[in-house]
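Visitor: Pasting coords_21.csv below, which is CSV, C-alpha atoms and all ligand atoms.
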chain,number,residue,atom,x,y,z
A,1,MET,CA,81.5,34.1,132.2
A,2,SER,CA,82.7,33.6,135.8
A,3,PHE,CA,86.4,34.0,135.2
A,4,LYS,CA,87.6,37.4,136.6
A,5,PRO,CA,91.1,38.0,135.1
A,6,ALA,CA,91.8,41.2,137.1
A,7,ASN,CA,91.1,39.2,140.4
A,8,SER,CA,93.6,36.6,139.3
A,9,ILE,CA,96.3,39.3,138.9
A,10,GLN,CA,95.4,41.0,142.2
A,11,ASP,CA,95.5,37.8,144.1
A,12,LEU,CA,99.1,37.0,143.3
A,13,GLN,CA,101.5,37.8,146.1
A,14,TYR,CA,105.2,38.2,145.9
A,15,PHE,CA,107.4,40.2,148.1
A,16,GLY,CA,110.8,41.8,147.7
A,17,GLU,CA,114.0,40.5,149.3
A,18,PHE,CA,113.5,42.8,152.3
A,19,GLY,CA,109.8,42.4,152.6
A,20,GLY,CA,109.2,45.0,149.9
A,21,VAL,CA,105.7,45.2,148.6
A,22,ASN,CA,107.1,44.8,145.1
A,23,PRO,CA,109.4,41.9,144.1
A,24,SER,CA,113.1,42.7,144.0
A,25,ILE,CA,114.5,43.3,140.5
A,26,SER,CA,116.9,40.5,139.5
A,27,ASP,CA,119.7,42.7,138.2
A,28,SER,CA,121.9,39.9,137.0
A,29,SER,CA,122.5,38.2,133.7
A,30,THR,CA,124.0,35.1,135.3
A,31,TYR,CA,123.6,33.1,138.5
A,32,THR,CA,126.0,31.2,140.8
A,33,PHE,CA,125.6,27.5,141.6
A,34,LEU,CA,126.6,25.9,144.9
A,35,SER,CA,127.7,22.8,143.1
A,36,ALA,CA,128.9,21.9,139.6
A,37,LYS,CA,126.4,19.0,139.6
A,38,THR,CA,123.4,21.4,140.0
A,39,MET,CA,124.7,23.5,137.1
A,40,PHE,CA,124.8,20.4,134.9
A,41,ASP,CA,121.3,19.4,136.0
A,42,THR,CA,120.0,22.8,135.3
A,43,PHE,CA,121.2,22.7,131.7
A,44,GLU,CA,119.6,19.3,131.3
A,45,GLY,CA,116.4,21.0,132.5
A,46,ASN,CA,116.2,19.0,135.8
A,47,ALA,CA,116.8,21.6,138.5
A,48,ASP,CA,113.5,23.3,139.4
A,49,GLY,CA,113.9,26.8,140.8
A,50,CYS,CA,117.5,27.3,139.6
A,51,TYR,CA,118.3,30.1,137.3
A,52,LEU,CA,121.1,29.6,134.8
A,53,TYR,CA,121.3,32.7,132.6
A,54,SER,CA,118.9,35.5,132.1
A,55,ARG,CA,118.2,34.9,128.4
A,56,HIS,CA,116.6,31.6,129.6
A,57,SER,CA,114.7,33.1,132.5
A,58,SER,CA,115.1,35.5,135.4
A,59,PRO,CA,113.1,36.0,138.6
A,60,SER,CA,111.7,39.4,137.4
A,61,ASN,CA,110.6,37.9,134.1
A,62,LEU,CA,109.0,34.9,135.8
A,63,TYR,CA,107.0,37.3,138.1
A,64,LEU,CA,105.6,39.2,135.1
A,65,GLY,CA,105.0,35.9,133.3
A,66,ALA,CA,103.1,34.5,136.2
A,67,ALA,CA,100.8,37.6,136.4
A,68,LEU,CA,100.1,37.4,132.6
A,69,ALA,CA,99.4,33.7,132.8
A,70,ALA,CA,97.0,34.4,135.6
A,71,MET,CA,95.3,37.0,133.5
A,72,GLU,CA,95.0,34.7,130.5
A,73,HIS,CA,94.2,31.6,132.5
A,74,THR,CA,97.0,29.6,131.1
A,75,GLU,CA,99.4,27.3,133.0
A,76,THR,CA,102.3,29.7,132.5
A,77,ALA,CA,103.8,32.3,130.2
A,78,ASN,CA,107.1,33.6,128.8
A,79,VAL,CA,107.8,37.3,128.4
A,80,THR,CA,109.7,38.5,125.4
A,81,ALA,CA,111.5,41.6,124.2
A,82,SER,CA,108.6,42.7,121.9
A,83,GLY,CA,105.3,41.5,120.6
A,84,MET,CA,107.0,40.5,117.4
A,85,GLY,CA,109.6,38.6,119.4
A,86,ALA,CA,106.7,36.6,120.9
A,87,ILE,CA,104.9,36.0,117.5
A,88,THR,CA,108.0,35.0,115.5
A,89,SER,CA,109.2,32.6,118.3
A,90,VAL,CA,105.9,30.9,118.6
A,91,MET,CA,105.4,30.4,114.8
A,92,LEU,CA,109.0,29.2,114.3
A,93,GLN,CA,108.5,26.8,117.3
A,94,LEU,CA,105.3,25.4,115.9
A,95,CYS,CA,106.2,25.1,112.3
A,96,ASN,CA,108.8,23.1,110.4
A,97,ALA,CA,109.9,23.5,106.8
A,98,GLY,CA,107.1,22.4,104.6
A,99,ASP,CA,104.3,23.4,107.0
A,100,HIS,CA,101.4,25.6,106.3
A,101,ILE,CA,99.7,28.4,108.3
A,102,ILE,CA,96.2,29.7,108.0
A,103,SER,CA,96.1,33.3,109.1
A,104,SER,CA,93.5,36.0,109.2
A,105,ARG,CA,94.1,38.5,106.4
A,106,THR,CA,93.5,41.4,108.7
A,107,ILE,CA,96.4,41.3,111.2
A,108,TYR,CA,99.1,43.6,112.4
A,109,GLY,CA,101.3,44.8,109.6
A,110,GLY,CA,104.5,43.3,111.0
A,111,THR,CA,102.9,39.9,111.5
A,112,TYR,CA,101.6,40.0,108.0
A,113,ALA,CA,105.1,40.9,106.6
A,114,PHE,CA,106.6,38.0,108.7
A,115,PHE,CA,104.2,35.5,107.2
A,116,LYS,CA,104.2,36.9,103.7
A,117,ASN,CA,107.9,37.8,103.2
A,118,PHE,CA,110.0,36.2,105.9
A,119,ILE,CA,109.1,32.6,106.7
A,120,PRO,CA,108.6,31.5,103.1
A,121,LYS,CA,112.4,31.3,103.1
A,122,PHE,CA,112.0,28.4,105.5
A,123,ASN,CA,109.4,26.9,103.1
A,124,ILE,CA,106.5,27.7,105.4
A,125,GLU,CA,103.5,29.0,103.4
A,126,THR,CA,100.6,31.0,104.7
A,127,SER,CA,97.0,31.3,103.4
A,128,PHE,CA,95.4,34.6,104.3
A,129,VAL,CA,91.7,34.2,104.8
A,130,ASP,CA,88.6,36.1,106.0
A,131,ILE,CA,88.7,34.8,109.6
A,132,THR,CA,85.1,35.6,110.2
A,133,LYS,CA,84.0,33.0,107.6
A,134,LEU,CA,84.5,29.7,109.4
A,135,ASP,CA,83.7,27.6,106.3
A,136,VAL,CA,86.5,29.4,104.4
A,137,VAL,CA,88.9,28.8,107.3
A,138,GLU,CA,88.1,25.1,107.3
A,139,ALA,CA,88.3,24.8,103.5
A,140,ALA,CA,91.8,26.3,103.6
A,141,ILE,CA,93.2,23.4,105.7
A,142,THR,CA,95.7,21.2,103.9
A,143,LYS,CA,97.6,18.1,105.1
A,144,ASN,CA,100.5,20.4,105.9
A,145,THR,CA,98.6,22.9,108.0
A,146,LYS,CA,99.9,23.3,111.6
A,147,VAL,CA,98.5,26.6,112.9
A,148,ILE,CA,95.4,28.8,112.7
A,149,TYR,CA,96.5,32.3,113.5
A,150,CYS,CA,94.3,35.3,114.3
A,151,GLU,CA,93.8,38.4,116.4
A,152,SER,CA,90.8,38.5,118.8
A,153,VAL,CA,90.0,41.9,117.5
A,154,SER,CA,91.9,42.6,114.3
A,155,ASN,CA,94.2,45.4,113.5
A,156,PRO,CA,93.1,47.8,112.0
A,157,LEU,CA,89.7,46.7,110.7
A,158,LEU,CA,88.4,45.5,114.2
A,159,GLU,CA,87.1,42.2,112.8
A,160,VAL,CA,86.2,39.9,115.7
A,161,ALA,CA,87.4,36.2,115.6
A,162,ASP,CA,85.0,33.5,116.7
A,163,ILE,CA,87.6,31.9,119.0
A,164,LYS,CA,85.3,29.2,120.3
A,165,ASN,CA,84.4,27.9,116.9
A,166,LEU,CA,87.9,28.4,115.5
A,167,ALA,CA,89.2,26.3,118.4
A,168,LYS,CA,86.7,23.6,117.5
A,169,ILE,CA,88.0,23.5,113.9
A,170,ALA,CA,91.6,23.5,115.1
A,171,LYS,CA,90.9,20.6,117.5
A,172,LYS,CA,89.1,18.6,114.9
A,173,HIS,CA,92.1,18.8,112.5
A,174,GLY,CA,94.8,18.5,115.1
A,175,LEU,CA,96.0,22.1,114.7
A,176,LYS,CA,97.1,24.8,117.2
A,177,LEU,CA,95.0,28.0,117.5
A,178,VAL,CA,97.3,31.0,118.2
A,179,VAL,CA,95.5,34.2,119.1
A,180,ASP,CA,97.0,37.7,119.4
A,181,ASN,CA,95.0,39.4,122.1
A,182,THR,CA,96.7,42.8,122.1
A,183,PHE,CA,93.6,44.8,121.3
A,184,SER,CA,91.4,43.3,123.9
A,185,PRO,CA,93.3,42.5,127.2
A,186,LEU,CA,90.9,41.5,130.0
A,187,SER,CA,87.8,42.0,127.8
A,188,ILE,CA,88.5,38.7,125.9
A,189,SER,CA,90.1,35.6,127.4
A,190,PRO,CA,91.1,33.5,124.4
A,191,ALA,CA,92.4,30.5,126.4
A,192,ILE,CA,89.1,30.1,128.2
A,193,LEU,CA,87.5,30.0,124.7
A,194,GLY,CA,89.8,27.3,123.6
A,195,ALA,CA,92.9,29.0,122.1
A,196,ASP,CA,96.1,27.0,122.6
A,197,VAL,CA,98.5,29.9,122.7
A,198,VAL,CA,97.7,33.6,123.6
A,199,ILE,CA,100.1,36.3,122.6
A,200,HIS,CA,100.2,40.0,123.6
A,201,SER,CA,102.3,43.0,122.6
A,202,LEU,CA,102.9,44.4,126.1
A,203,THR,CA,103.9,47.6,124.3
A,204,LYS,CA,100.2,48.6,124.0
A,205,PHE,CA,97.4,48.6,126.6
A,206,ILE,CA,99.1,46.2,129.1
A,207,ASN,CA,102.0,48.5,129.8
A,208,GLY,CA,100.0,51.5,128.8
A,209,SER,CA,102.6,54.3,129.1
A,210,SER,CA,104.2,54.1,125.6
A,211,ASP,CA,107.7,53.9,127.2
A,212,THR,CA,108.7,50.3,126.3
A,213,VAL,CA,108.3,47.4,123.9
A,214,GLY,CA,107.5,44.0,125.2
A,215,GLY,CA,105.6,40.8,124.5
A,216,VAL,CA,104.4,37.6,126.1
A,217,VAL,CA,103.4,34.1,125.1
A,218,CYS,CA,100.8,32.5,127.4
A,219,GLY,CA,100.3,28.7,127.1
A,220,SER,CA,100.8,25.3,128.5
A,221,GLN,CA,103.8,24.5,130.7
A,222,GLU,CA,104.9,22.0,128.0
A,223,PHE,CA,104.9,24.6,125.2
A,224,ILE,CA,106.6,27.3,127.3
A,225,ASN,CA,109.3,24.8,128.3
A,226,ALA,CA,109.8,23.9,124.7
A,227,LEU,CA,110.2,27.7,123.8
A,228,ARG,CA,112.9,28.0,126.5
A,229,ASN,CA,114.7,24.7,125.8
A,230,VAL,CA,118.4,25.3,125.6
A,231,ASN,CA,118.8,22.9,122.6
A,232,ASP,CA,115.9,23.8,120.3
A,233,GLY,CA,113.7,26.5,122.0
A,234,ALA,CA,112.9,29.5,119.8
A,235,CYS,CA,112.8,32.0,122.7
A,236,MET,CA,116.1,30.8,124.0
A,237,LEU,CA,117.9,30.6,120.7
A,238,LEU,CA,116.5,33.6,118.8
A,239,GLY,CA,117.1,35.7,121.9
A,240,ALA,CA,114.1,38.0,122.1
A,241,THR,CA,114.5,38.3,125.8
A,242,MET,CA,113.0,40.9,128.0
A,243,ASP,CA,115.2,42.8,130.4
A,244,SER,CA,114.5,42.4,134.1
A,245,LEU,CA,114.2,46.1,134.7
A,246,ARG,CA,111.5,46.3,132.1
A,247,ALA,CA,109.7,43.2,133.4
A,248,SER,CA,109.5,44.9,136.8
A,249,SER,CA,108.1,48.2,135.4
A,250,ILE,CA,105.5,46.4,133.2
A,251,LEU,CA,104.3,44.4,136.2
A,252,LYS,CA,103.6,47.6,138.1
A,253,ASN,CA,101.7,49.0,135.3
A,254,LEU,CA,99.7,45.8,134.8
A,255,ARG,CA,98.1,46.3,138.2
A,256,THR,CA,96.1,49.2,137.0
A,257,LEU,CA,95.1,47.7,133.6
A,258,HIS,CA,91.5,46.9,134.7
A,259,ILE,CA,90.9,50.5,135.6
A,260,ARG,CA,92.5,51.8,132.4
A,261,MET,CA,90.6,49.4,130.2
A,262,GLN,CA,87.3,50.4,131.7
A,263,GLN,CA,88.1,54.1,131.0
A,264,HIS,CA,89.4,53.3,127.4
A,265,SER,CA,86.2,51.4,126.8
A,266,LYS,CA,83.9,54.0,128.3
A,267,ASN,CA,85.5,56.8,126.2
A,268,GLY,CA,85.6,54.6,123.1
A,269,MET,CA,81.9,53.8,123.4
A,270,PHE,CA,81.0,57.4,124.0
A,271,LEU,CA,82.8,58.6,120.9
A,272,ALA,CA,81.7,55.8,118.7
A,273,GLU,CA,78.1,56.5,119.4
A,274,LYS,CA,78.5,60.2,118.8
A,275,PHE,CA,80.4,59.7,115.5
A,276,GLU,CA,77.9,57.2,114.3
A,277,ALA,CA,75.0,59.5,115.2
A,278,GLU,CA,76.7,62.2,113.2
A,279,GLY,CA,76.6,59.9,110.2
A,280,LEU,CA,80.3,59.1,110.1
A,281,LYS,CA,81.2,55.6,108.9
A,282,THR,CA,82.3,54.3,112.3
A,283,VAL,CA,83.6,50.8,113.3
A,284,TYR,CA,83.6,49.9,117.0
A,285,PRO,CA,82.7,46.4,118.3
A,286,GLY,CA,80.4,48.0,121.0
A,287,LEU,CA,78.1,49.4,118.3
A,288,LYS,CA,75.1,47.3,117.3
A,289,SER,CA,76.0,48.1,113.7
A,290,HIS,CA,79.3,46.2,114.0
A,291,PRO,CA,78.8,42.8,112.2
A,292,SER,CA,80.3,40.9,115.1
A,293,HIS,CA,78.8,43.0,118.0
A,294,GLN,CA,76.8,40.0,119.3
A,295,LEU,CA,79.8,37.6,119.0
A,296,PHE,CA,82.0,40.0,121.0
A,297,LYS,CA,79.3,40.3,123.6
A,298,ASN,CA,79.1,36.5,123.9
A,299,MET,CA,82.8,36.2,124.4
A,300,MET,CA,83.6,39.2,126.6
A,301,ASN,CA,84.3,39.7,130.3
A,302,THR,CA,81.5,42.3,130.5
A,303,GLU,CA,83.0,44.7,133.0
A,304,TYR,CA,85.9,45.7,130.7
A,305,GLY,CA,83.8,46.8,127.8
A,306,PHE,CA,84.5,46.8,124.1
A,307,GLY,CA,88.0,48.4,124.2
A,308,GLY,CA,89.6,51.6,123.2
A,309,MET,CA,90.1,51.0,119.4
A,310,LEU,CA,87.8,52.5,116.8
A,311,THR,CA,88.0,53.6,113.2
A,312,ILE,CA,86.2,56.1,111.1
A,313,ASP,CA,86.3,56.5,107.4
A,314,VAL,CA,86.5,60.1,106.3
A,315,GLY,CA,86.6,59.4,102.6
A,316,SER,CA,90.1,60.3,101.5
A,317,LEU,CA,93.7,60.3,102.7
A,318,ASN,CA,93.9,64.1,102.3
A,319,LYS,CA,91.0,64.6,104.6
A,320,ALA,CA,92.3,62.0,107.0
A,321,ASN,CA,95.7,63.7,107.2
A,322,ALA,CA,94.2,67.2,107.5
A,323,LEU,CA,91.9,66.1,110.3
A,324,MET,CA,94.7,64.3,112.2
A,325,GLU,CA,97.0,67.3,111.9
A,326,LEU,CA,94.3,69.6,113.2
A,327,MET,CA,93.3,67.3,116.1
A,328,GLN,CA,96.9,67.1,117.1
A,329,HIS,CA,97.2,70.9,116.9
A,330,LYS,CA,94.1,71.2,119.2
A,331,ASN,CA,95.8,68.8,121.7
A,332,LEU,CA,93.2,66.1,121.3
A,333,GLY,CA,95.9,63.5,120.9
A,334,TYR,CA,98.9,62.6,118.9
A,335,LEU,CA,99.4,61.6,115.3
A,336,ALA,CA,101.3,58.4,116.2
A,337,VAL,CA,101.2,54.7,115.6
A,338,SER,CA,100.8,52.3,118.6
A,339,LEU,CA,97.9,52.2,121.1
A,340,GLY,CA,96.9,52.0,124.7
A,341,PHE,CA,98.4,55.4,125.8
A,342,TYR,CA,96.7,57.9,128.2
A,343,LYS,CA,96.4,60.3,125.2
A,344,THR,CA,94.4,59.4,122.2
A,345,LEU,CA,96.6,58.3,119.3
A,346,PHE,CA,95.5,58.3,115.7
A,347,SER,CA,97.0,57.2,112.4
A,348,ALA,CA,95.9,56.3,108.9
A,349,PRO,CA,96.8,52.6,108.8
A,350,GLY,CA,96.9,52.3,105.0
A,351,THR,CA,100.0,54.5,104.9
A,352,SER,CA,101.5,53.5,108.2
A,353,THR,CA,101.0,50.4,110.3
A,354,SER,CA,99.5,48.4,107.5
A,355,SER,CA,101.6,49.8,104.7
A,356,GLU,CA,103.3,46.3,104.5
A,357,ILE,CA,100.1,45.1,102.9
A,358,PRO,CA,100.0,45.8,99.1
A,359,GLU,CA,97.4,48.4,98.0
A,360,GLU,CA,95.4,45.8,96.0
A,361,GLU,CA,95.0,43.6,99.1
A,362,GLN,CA,94.2,46.5,101.3
A,363,ASN,CA,91.3,47.4,99.0
A,364,GLN,CA,90.1,43.8,99.0
A,365,MET,CA,89.9,43.6,102.7
A,366,GLY,CA,88.2,47.0,103.0
A,367,LEU,CA,91.2,49.0,104.2
A,368,SER,CA,90.4,52.3,102.6
A,369,ASP,CA,92.6,55.4,102.2
A,370,GLY,CA,90.4,57.6,104.4
A,371,LEU,CA,90.4,55.2,107.3
A,372,ILE,CA,91.6,56.7,110.6
A,373,ARG,CA,92.4,54.3,113.5
A,374,PHE,CA,91.9,55.8,116.9
A,375,SER,CA,93.3,54.4,120.2
A,376,ILE,CA,91.0,56.4,122.5
A,377,GLY,CA,92.8,57.8,125.6
A,378,LEU,CA,91.9,58.0,129.2
A,379,ASP,CA,90.4,61.5,128.9
A,380,ALA,CA,88.7,62.5,132.2
A,381,ASP,CA,86.2,64.6,130.3
A,382,ILE,CA,85.3,62.9,127.0
A,383,GLU,CA,82.4,65.2,126.3
A,384,ARG,CA,84.8,68.1,126.2
A,385,THR,CA,87.1,66.1,123.9
A,386,TYR,CA,84.2,65.3,121.6
A,387,GLY,CA,83.2,69.0,121.5
A,388,VAL,CA,86.6,70.0,120.2
A,389,MET,CA,86.8,67.0,117.9
A,390,ARG,CA,83.5,67.9,116.3
A,391,LYS,CA,84.7,71.4,115.6
A,392,CYS,CA,87.8,70.0,113.9
A,393,MET,CA,85.6,67.7,111.8
A,394,LEU,CA,83.4,70.6,110.7
A,395,GLU,CA,86.4,72.7,109.8
A,396,ILE,CA,87.9,69.9,107.6
A,397,GLY,CA,84.5,69.2,106.0
A,398,VAL,CA,84.3,65.7,107.4
A,399,LEU,CA,81.1,66.8,109.0
A,400,LYS,CA,78.6,69.2,107.5
A,401,ALA,CA,77.1,71.9,109.7
B,501,LIG,C1,102.0,46.3,118.1
B,501,LIG,C2,101.4,45.0,117.8
B,501,LIG,C3,102.2,43.8,117.6
B,501,LIG,C4,103.7,43.9,117.6
B,501,LIG,O1,104.2,44.2,118.9
B,501,LIG,P1,105.6,45.0,119.2
B,501,LIG,O2,105.6,45.0,120.7
B,501,LIG,O3,105.5,46.3,118.5
B,501,LIG,O4,106.6,44.1,118.6
B,501,LIG,C5,101.6,42.6,117.3
B,501,LIG,N1,100.2,42.5,117.2
B,501,LIG,C6,99.4,43.6,117.4
B,501,LIG,C7,98.0,43.4,117.3
B,501,LIG,C8,100.0,44.8,117.7
B,501,LIG,O5,99.1,45.9,117.8
As structure tokens, what does this structure read like?
Ligand SMILES: *Cc1c(COP(=O)(O)O)cnc(C)c1O
Guide:
Amino acid sequence: MSFKPANSIQDLQYFGEFGGVNPSISDSSTYTFLSAKTMFDTFEGNADGCYLYSRHSSPSNLYLGAALAAMEHTETANVTASGMGAITSVMLQLCNAGDHIISSRTIYGGTYAFFKNFIPKFNIETSFVDITKLDVVEAAITKNTKVIYCESVSNPLLEVADIKNLAKIAKKHGLKLVVDNTFSPLSISPAILGADVVIHSLTKFINGSSDTVGGVVCGSQEFINALRNVNDGACMLLGATMDSLRASSILKNLRTLHIRMQQHSKNGMFLAEKFEAEGLKTVYPGLKSHPSHQLFKNMMNTEYGFGGMLTIDVGSLNKANALMELMQHKNLGYLAVSLGFYKTLFSAPGTSTSSEIPEEEQNQMGLSDGLIRFSIGLDADIERTYGVMRKCMLEIGVLKA
């Protein structure tokens, strides 16, 4: 693929008020107008370049949005207070009472809970399907279906969505394809593959320093305008607005994303290969044994690799917990949810980030008790890390000497 998302970010130029190399932070919630007429026009949506109130938009948020739209190759983007703020706004914007959603069954726990427990109160129903089976996806479409929803690389099972073919199905039936690309920024460009809306939790790899929550919706100008509409826009009315100071700090971190993703991917690949060679049940899209390895390869922007997320199955929750505690004790990383940090983070998703999913459904989708999800860090010396990790695994009996 010829698209170079990191170049698109790098090529954007905007200066601060005094010629600063970073844009000035717009530290204001509200904006003055030179005339009452302009204020009226702005509320009507007819005054380009005017700001009215920072819940609607602010210069700092627009800068970050522009960079993320450049990265995802969409017309524009709107940043939000969190990834969930982006997901919930998009779905409530696209769906009316009586509508139907088809969603991958392996998605972020919060998104799953929103679909399963929250929006049914607006009479919006969701069918959860195995997103890797295109015939099953198409068969689930009803006359009320509005959206196909998936993650490029799913949380936590690392299933890979065939975005190109899902987009074809969506187009054929007049549906919107919404893709959460949180696990694979830069590596996969869903909009290029045909997705209508691309969402990220900026909390994870994109910000990369585990110091903030944030989200973004990347899409057409028409859709983003609709989200921000003062009369019926979900972002405007539900109020999941990012603060300008945060937008400014995330933009600065975004500029090193390409270097970080390369290191996350390099370390992820190294460990996945070692774990698999030791006989551990390892899931990583970069491994040939991954059922969607070839699909990921066909979709990816090669230089960013297969990402920093991998899972191993150590057989039981007790072993998983003991191993994670020992690895933390040996300073290999932290027993914590979330991802995209410089340190490795590990958790057992069945009892944490996916605990919203009932046990029976967890079993059905292959989310076992002994599963450990790793977000591999930026370790400078991954061989040293592996050496210590291996000793931990021997000590807990996950590996046999
Ligand atoms: C974390 C996460 C979210 C939610 O994002 P927040 O910023 O925590 O609201 C959504 N999707 C995926 C895949 C995530 O990992």
Visitor: So which residues are near ligand LIG 501 (chain B), meaning at most 6 Å away with only C-alpha atoms and all ligand atoms counted, given back as an mmCIF file with C-alpha atoms, keeping the file's coordinate frame?
Guide:
data_model
loop_
_atom_site.group_PDB
_atom_site.id
_atom_site.type_symbol
_atom_site.label_atom_id
_atom_site.label_comp_id
_atom_site.auth_asym_id
_atom_site.auth_seq_id
_atom_site.Cartn_x
_atom_site.Cartn_y
_atom_site.Cartn_z
ATOM 1 C CA SER A 82 108.600 42.700 121.900
ATOM 2 C CA GLY A 83 105.300 41.500 120.600
ATOM 3 C CA MET A 84 107.000 40.500 117.400
ATOM 4 C CA TYR A 108 99.100 43.600 112.400
ATOM 5 C CA ASN A 155 94.200 45.400 113.500
ATOM 6 C CA THR A 182 96.700 42.800 122.100
ATOM 7 C CA SER A 201 102.300 43.000 122.600
ATOM 8 C CA THR A 203 103.900 47.600 124.300
ATOM 9 C CA VAL A 213 108.300 47.400 123.900
ATOM 10 C CA GLY A 214 107.500 44.000 125.200
ATOM 11 C CA GLY A 215 105.600 40.800 124.500
#
Visitor: Which residues come within 12 Å of segment 264-279 of chain A, counting only C-alpha atoms, excluding same-chain residues fewer than 5 positions away, as a ChimeraX atom specification?
Guide: /A:183-187,205,208,257-259,284-290,302-314,339-345,373-387,389-390,393-394,398-401
Visitor: Using all atoms listed in the file, which of the listed residues (A:Ala226, A:Ala195, A:Leu158, A:Val217) sits closest to Met365 of chain A?
Guide: A:Leu158
Visitor: Residues of segment 152-233 of chain A within 12 Å of segment 32-46 of chain A: nearest atom pair and distance (Å, one decimal) for each, counting all atoms listed in the file, sorted by chain and number, as JSON lines?
Guide:
{"residue": "A:Asn225", "atom": "CA", "partner": "A:Gly45", "partner_atom": "CA", "distance": 9.1}
{"residue": "A:Ala226", "atom": "CA", "partner": "A:Gly45", "partner_atom": "CA", "distance": 10.6}
{"residue": "A:Arg228", "atom": "CA", "partner": "A:Gly45", "partner_atom": "CA", "distance": 9.9}
{"residue": "A:Asn229", "atom": "CA", "partner": "A:Gly45", "partner_atom": "CA", "distance": 7.8}
{"residue": "A:Val230", "atom": "CA", "partner": "A:Phe43", "partner_atom": "CA", "distance": 7.2}
{"residue": "A:Asn231", "atom": "CA", "partner": "A:Phe43", "partner_atom": "CA", "distance": 9.4}
Visitor: Take the selection from the previous step and output its residues with C-alpha atoms, as a PDB file, keeping the file's coordinate frame.
Guide:
ATOM      1  CA  ASN A 225     109.300  24.800 128.300  1.00  0.00           C
ATOM      2  CA  ALA A 226     109.800  23.900 124.700  1.00  0.00           C
ATOM      3  CA  ARG A 228     112.900  28.000 126.500  1.00  0.00           C
ATOM      4  CA  ASN A 229     114.700  24.700 125.800  1.00  0.00           C
ATOM      5  CA  VAL A 230     118.400  25.300 125.600  1.00  0.00           C
ATOM      6  CA  ASN A 231     118.800  22.900 122.600  1.00  0.00           C
TER       7      ASN A 231
END
Visitor: If I take atom CA of Glu222 of chain A and atom CA of Leu94 of chain A, how far is one from the other in Å, to one decimal?
Guide: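 It comes out at 12.6 Å.
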Visitor: Closest to Lys168 of chain A among A:Ala348, A:Ile206, A:Leu68, A:Ile148, using all atoms listed in the file?
Guide: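 Selected residue with least distance to Lys168 of chain A: A:Ile148.
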Visitor: Write out as a ChimeraX atom specification each polymer residue whose atoms come within 9 Å of Lys143 of chain A, counting all atoms listed in the file; drop sequence neighbours fewer than 2 positions from it.
Guide: /A:99-100,141,145-146
Visitor: Using only C-alpha atoms, which residues of segment 109-211 of chain A come within 12 Å of segment 75-81 of chain A, and what is the closest atom pair for each, with the distance in Å to one decimal? Give it as JSON lines, sorted by chain and residue number.
Guide:
{"residue": "A:Ala191", "atom": "CA", "partner": "A:Glu75", "partner_atom": "CA", "distance": 10.1}
{"residue": "A:Ile192", "atom": "CA", "partner": "A:Glu75", "partner_atom": "CA", "distance": 11.7}
{"residue": "A:Asp196", "atom": "CA", "partner": "A:Glu75", "partner_atom": "CA", "distance": 10.9}
{"residue": "A:Val197", "atom": "CA", "partner": "A:Ala77", "partner_atom": "CA", "distance": 9.5}
{"residue": "A:Val198", "atom": "CA", "partner": "A:Ala77", "partner_atom": "CA", "distance": 9.1}
{"residue": "A:Ile199", "atom": "CA", "partner": "A:Ala77", "partner_atom": "CA", "distance": 9.4}
{"residue": "A:His200", "atom": "CA", "partner": "A:Val79", "partner_atom": "CA", "distance": 9.4}
{"residue": "A:Ser201", "atom": "CA", "partner": "A:Thr80", "partner_atom": "CA", "distance": 9.1}
{"residue": "A:Leu202", "atom": "CA", "partner": "A:Val79", "partner_atom": "CA", "distance": 8.9}
{"residue": "A:Thr203", "atom": "CA", "partner": "A:Ala81", "partner_atom": "CA", "distance": 9.7}
Visitor: When distances are computed from all atoms listed in the file, which of A:Ser352, A:Thr212, A:Gln362, A:Ser368 shows the smallest separation from Arg105 of chain A?
Guide: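 Result for the nearest residue to Arg105 of chain A: A:Gln362.
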Visitor: Could you give me, as a list in words, the residues within 9 Å of Glu138 of chain A, counting only C-alpha atoms and dropping anything in the same chain fewer than 4 positions from it?
Guide: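 The neighbour list is Lys133, Leu134, Leu166, Ile169 and Ala170 of chain A.
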Visitor: Restricting it to C-alpha atoms, dump the selection as a compact mmCIF listing (two decimals), in the coordinates of the input.
Guide:
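Result file is part29.txt:
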# COMPACT_ATOMS: atom_id res chain seq x y z
CA LYS A 133 84.00 33.00 107.60
CA LEU A 134 84.50 29.70 109.40
CA LEU A 166 87.90 28.40 115.50
CA ILE A 169 88.00 23.50 113.90
CA ALA A 170 91.60 23.50 115.10
Visitor: Quick one: everything within 10 Å of Ser26 of chain A, counting all atoms listed in the file, minus sequence neighbours fewer than 3 positions away in the same chain. Send it as a list in words.
Guide: Pro23, Ser29, Thr30, Ser54, Ser58, Pro59, Ser60, Asn61, Asp243, Ser244, Leu245, Ala247 and Ser248 of chain A
Visitor: Nearest to Gly110 of chain A: which of A:Cys392, A:Ile357, A:Ala322, A:Leu64 is it, counting only C-alpha atoms?
Guide: A:Ile357
Visitor: From the options A:Met299, A:Ala167, A:Leu251, A:Ala336, which residue's atoms come nearest to Tyr14 of chain A, counting only C-alpha atoms?
Guide: A:Leu251
Visitor: Which residues are near Asn123 of chain A? Cut-off 12 Å, all atoms listed in the file, ignore same chain within fewer than 6 positions. Put them as a list in words.
Guide: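 Counting all atoms listed in the file, the residues come to Leu92, Cys95, Asn96, Ala97, Gly98, Asp99, His100, Ile101, Phe115, Lys116, Asn117 and Asn144 of chain A.
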Visitor: Would you mind reading off the distance between atom CA of Cys50 of chain A and atom CA of Ile25 of chain A, one decimal, in Å?
Guide: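 These atoms are spaced 16.3 Å apart.
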Visitor: Find the residue from A:Ile372, A:Leu254, A:Ala240, A:Ala139 that sits nearest to Ser209 of chain A; use all atoms listed in the file when measuring.
Guide: A:Leu254
